[in-house]
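I have placed the structure first, in the form of structure tokens, so that the comments after it can refer back to it.
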Amino acid sequence: MSDFLKLLATAKQLEEQNAEVYEIYSEITDHFGLMQLLRALRTGIETHTKALGRFLDHRAGDLEVDEAQIQAFDSSIYEVERSFDAAMEYRDFLCMILQLEGRLQSFYESLLQVVLSTEHRDIFRRLAADQEKHLWLARSRLELENFTTDECL
């Protein structure tokens, strides 16, 4: 597997890990607003994992990539410590969502530096834009609960 395909597989894995955490928390929370947020995030993740899967299956051979950028790419900086547990406080969980979605947005934005063709860059640009929407949803939920993003630092 080429180094770029490994990066795509990492992105798909990060998406799937987020979906798993969101699924678990949605099953144990009785907070209606949070359930709606998690449902929206999981729907976005499903779309992303399908797109990444199709990309991995069908377009990988057509890619023009910057090999030097791939070699310099450090995917470990996009990992978030998932200290998730069922007793996690609501605010802390929202903060974790911000971290998870923000790191994935940065990952997609970094992939823009790797992919050379405009058509393929547009795919990663859309994925990054979707992540920005996810962040907006999570920030909005924080604000509705009278929390601030400063509390997440």
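The chains in the structure tokens are called A, B, ... from first to last as shown; in each chain the residues are counted from 1, and the ligands are counted from 1 in the order shown.
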Residues at most 8 Å from segment 6-10 of chain A, counting only C-alpha atoms, excluding those fewer than 3 positions away in the same chain, as a PDB file with C-alpha atoms, in the first residue's frame?
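Saved to result.pdb:
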ATOM      1  CA  MET A   1       0.000   0.000   0.000  1.00  0.00           C
ATOM      2  CA  SER A   2       1.388   3.358  -0.991  1.00  0.00           C
ATOM      3  CA  ASP A   3       2.069   5.972   1.669  1.00  0.00           C
ATOM      4  CA  GLN A  13     -10.081   5.032  10.616  1.00  0.00           C
ATOM      5  CA  LEU A  14     -10.259   8.376  12.464  1.00  0.00           C
ATOM      6  CA  LEU A  52     -12.956   7.710   1.425  1.00  0.00           C
ATOM      7  CA  LEU A  56      -9.452   4.056  -1.836  1.00  0.00           C
ATOM      8  CA  SER A  75      -0.412  11.677  10.868  1.00  0.00           C
TER       9      SER A  75
END
Can you tell me which residues surround Glu101 of chain A at a distance of at most 8 Å, considering only C-alpha atoms, apart from same-chain residues fewer than 3 positions away, and format the answer as a ChimeraX atom specification? /A:97-98,104-105,131-132,134-135
Could you save the residues just selected, with C-alpha atoms, as an mmCIF file, in the first residue's frame?
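Done, and the output landed in part16.cif:
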data_model
loop_
_atom_site.group_PDB
_atom_site.id
_atom_site.type_symbol
_atom_site.label_atom_id
_atom_site.label_comp_id
_atom_site.auth_asym_id
_atom_site.auth_seq_id
_atom_site.Cartn_x
_atom_site.Cartn_y
_atom_site.Cartn_z
ATOM 1 C CA ILE A 97 -16.075 16.532 19.989
ATOM 2 C CA LEU A 98 -14.400 19.858 19.198
ATOM 3 C CA LEU A 104 -9.865 15.730 11.398
ATOM 4 C CA GLN A 105 -10.466 19.059 9.671
ATOM 5 C CA GLN A 131 -15.591 19.198 9.285
ATOM 6 C CA GLU A 132 -15.947 22.958 9.718
ATOM 7 C CA HIS A 134 -19.313 19.755 12.392
ATOM 8 C CA LEU A 135 -17.263 22.171 14.484
#
Of A:Phe55, A:Phe73, A:Trp136, A:Tyr90, the one nearest to Val114 of chain A when counting only C-alpha atoms is A:Phe73
Can you pull out the residues contacting Leu127 of chain A? Cut-off 10 Å, using only C-alpha atoms, and skip same-chain residues under 3 positions away; I want them as number ranges by chain. A: 44-45, 47-48, 51-52, 104-105, 107-109, 121-124, 130-133
Just write the chosen residues, N, CA and C atoms, as a PDB file, in the first residue's frame.
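Written output follows (result.pdb):
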ATOM      1  N   GLY A  44     -22.759  12.686   8.861  1.00  0.00           N
ATOM      2  CA  GLY A  44     -21.614  13.235   8.140  1.00  0.00           C
ATOM      3  C   GLY A  44     -20.470  12.251   8.043  1.00  0.00           C
ATOM      4  N   ILE A  45     -20.236  11.533   9.117  1.00  0.00           N
ATOM      5  CA  ILE A  45     -19.160  10.542   9.130  1.00  0.00           C
ATOM      6  C   ILE A  45     -19.446   9.423   8.131  1.00  0.00           C
ATOM      7  N   THR A  47     -21.091   9.643   5.389  1.00  0.00           N
ATOM      8  CA  THR A  47     -20.810  10.195   4.067  1.00  0.00           C
ATOM      9  C   THR A  47     -19.311  10.228   3.803  1.00  0.00           C
ATOM     10  N   HIS A  48     -18.545  10.646   4.800  1.00  0.00           N
ATOM     11  CA  HIS A  48     -17.088  10.732   4.646  1.00  0.00           C
ATOM     12  C   HIS A  48     -16.465   9.355   4.461  1.00  0.00           C
ATOM     13  N   ALA A  51     -17.128   8.099   1.011  1.00  0.00           N
ATOM     14  CA  ALA A  51     -16.311   8.807   0.021  1.00  0.00           C
ATOM     15  C   ALA A  51     -14.861   8.330   0.077  1.00  0.00           C
ATOM     16  N   LEU A  52     -14.332   8.183   1.290  1.00  0.00           N
ATOM     17  CA  LEU A  52     -12.956   7.710   1.425  1.00  0.00           C
ATOM     18  C   LEU A  52     -12.827   6.274   0.925  1.00  0.00           C
ATOM     19  N   LEU A 104      -9.552  16.349  12.687  1.00  0.00           N
ATOM     20  CA  LEU A 104      -9.865  15.730  11.398  1.00  0.00           C
ATOM     21  C   LEU A 104      -9.940  16.800  10.300  1.00  0.00           C
ATOM     22  N   GLN A 105     -10.461  17.971  10.638  1.00  0.00           N
ATOM     23  CA  GLN A 105     -10.466  19.059   9.671  1.00  0.00           C
ATOM     24  C   GLN A 105      -9.029  19.419   9.281  1.00  0.00           C
ATOM     25  N   PHE A 107      -6.460  17.487   9.387  1.00  0.00           N
ATOM     26  CA  PHE A 107      -5.941  16.362   8.611  1.00  0.00           C
ATOM     27  C   PHE A 107      -6.322  16.537   7.134  1.00  0.00           C
ATOM     28  N   TYR A 108      -7.602  16.819   6.883  1.00  0.00           N
ATOM     29  CA  TYR A 108      -8.051  17.000   5.496  1.00  0.00           C
ATOM     30  C   TYR A 108      -7.393  18.219   4.850  1.00  0.00           C
ATOM     31  N   GLU A 109      -7.240  19.284   5.599  1.00  0.00           N
ATOM     32  CA  GLU A 109      -6.572  20.465   5.050  1.00  0.00           C
ATOM     33  C   GLU A 109      -5.113  20.159   4.717  1.00  0.00           C
ATOM     34  N   ARG A 121      -8.187  17.480  -5.161  1.00  0.00           N
ATOM     35  CA  ARG A 121      -8.085  18.472  -4.079  1.00  0.00           C
ATOM     36  C   ARG A 121      -9.475  18.937  -3.657  1.00  0.00           C
ATOM     37  N   ASP A 122     -10.377  19.056  -4.632  1.00  0.00           N
ATOM     38  CA  ASP A 122     -11.747  19.485  -4.327  1.00  0.00           C
ATOM     39  C   ASP A 122     -12.440  18.512  -3.382  1.00  0.00           C
ATOM     40  N   ILE A 123     -12.138  17.235  -3.498  1.00  0.00           N
ATOM     41  CA  ILE A 123     -12.724  16.237  -2.603  1.00  0.00           C
ATOM     42  C   ILE A 123     -12.285  16.507  -1.165  1.00  0.00           C
ATOM     43  N   PHE A 124     -11.002  16.723  -0.963  1.00  0.00           N
ATOM     44  CA  PHE A 124     -10.491  16.978   0.387  1.00  0.00           C
ATOM     45  C   PHE A 124     -10.920  18.352   0.897  1.00  0.00           C
ATOM     46  N   ASP A 130     -16.851  20.155   5.414  1.00  0.00           N
ATOM     47  CA  ASP A 130     -17.813  19.397   6.227  1.00  0.00           C
ATOM     48  C   ASP A 130     -17.381  19.370   7.684  1.00  0.00           C
ATOM     49  N   GLN A 131     -16.096  19.206   7.909  1.00  0.00           N
ATOM     50  CA  GLN A 131     -15.591  19.198   9.285  1.00  0.00           C
ATOM     51  C   GLN A 131     -15.822  20.552   9.947  1.00  0.00           C
ATOM     52  N   GLU A 132     -15.673  21.623   9.176  1.00  0.00           N
ATOM     53  CA  GLU A 132     -15.947  22.958   9.718  1.00  0.00           C
ATOM     54  C   GLU A 132     -17.414  23.062  10.142  1.00  0.00           C
ATOM     55  N   LYS A 133     -18.310  22.462   9.369  1.00  0.00           N
ATOM     56  CA  LYS A 133     -19.728  22.446   9.746  1.00  0.00           C
ATOM     57  C   LYS A 133     -19.927  21.659  11.042  1.00  0.00           C
TER      58      LYS A 133
END
Interatomic distance (Å, one decimal) between atom CA of Val21 of chain A and atom CA of Arg141 of chain A: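 So the two atoms, atom CA of Val21 of chain A and atom CA of Arg141 of chain A, lie 17.5 Å apart.
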When DSSP works through the backbone of this structure, what residues of chain A end up as alpha helix (DSSP H), shown as a ChimeraX atom specification? /A:3-28,32-54,67-72,90-111,118-144
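Using only C-alpha atoms for every distance, the candidate list A:Glu145, A:Glu119, A:Asp150, A:Asp74 yields A:Glu145 as the residue closest to Leu34 of chain A.
Our summary of the geometry notes that atom CA of Gly102 of chain A is positioned 22.8 Å from atom CA of Gln71 of chain A.
Rounded to one decimal, atom CA of His120 of chain A and atom CA of Leu137 of chain A lie 26.3 Å from each other.
Distances here use only C-alpha atoms; by that measure, the residue among A:Ile77, A:Leu142, A:Ala87, A:Val65 closest to Ile24 of chain A is A:Ala87.
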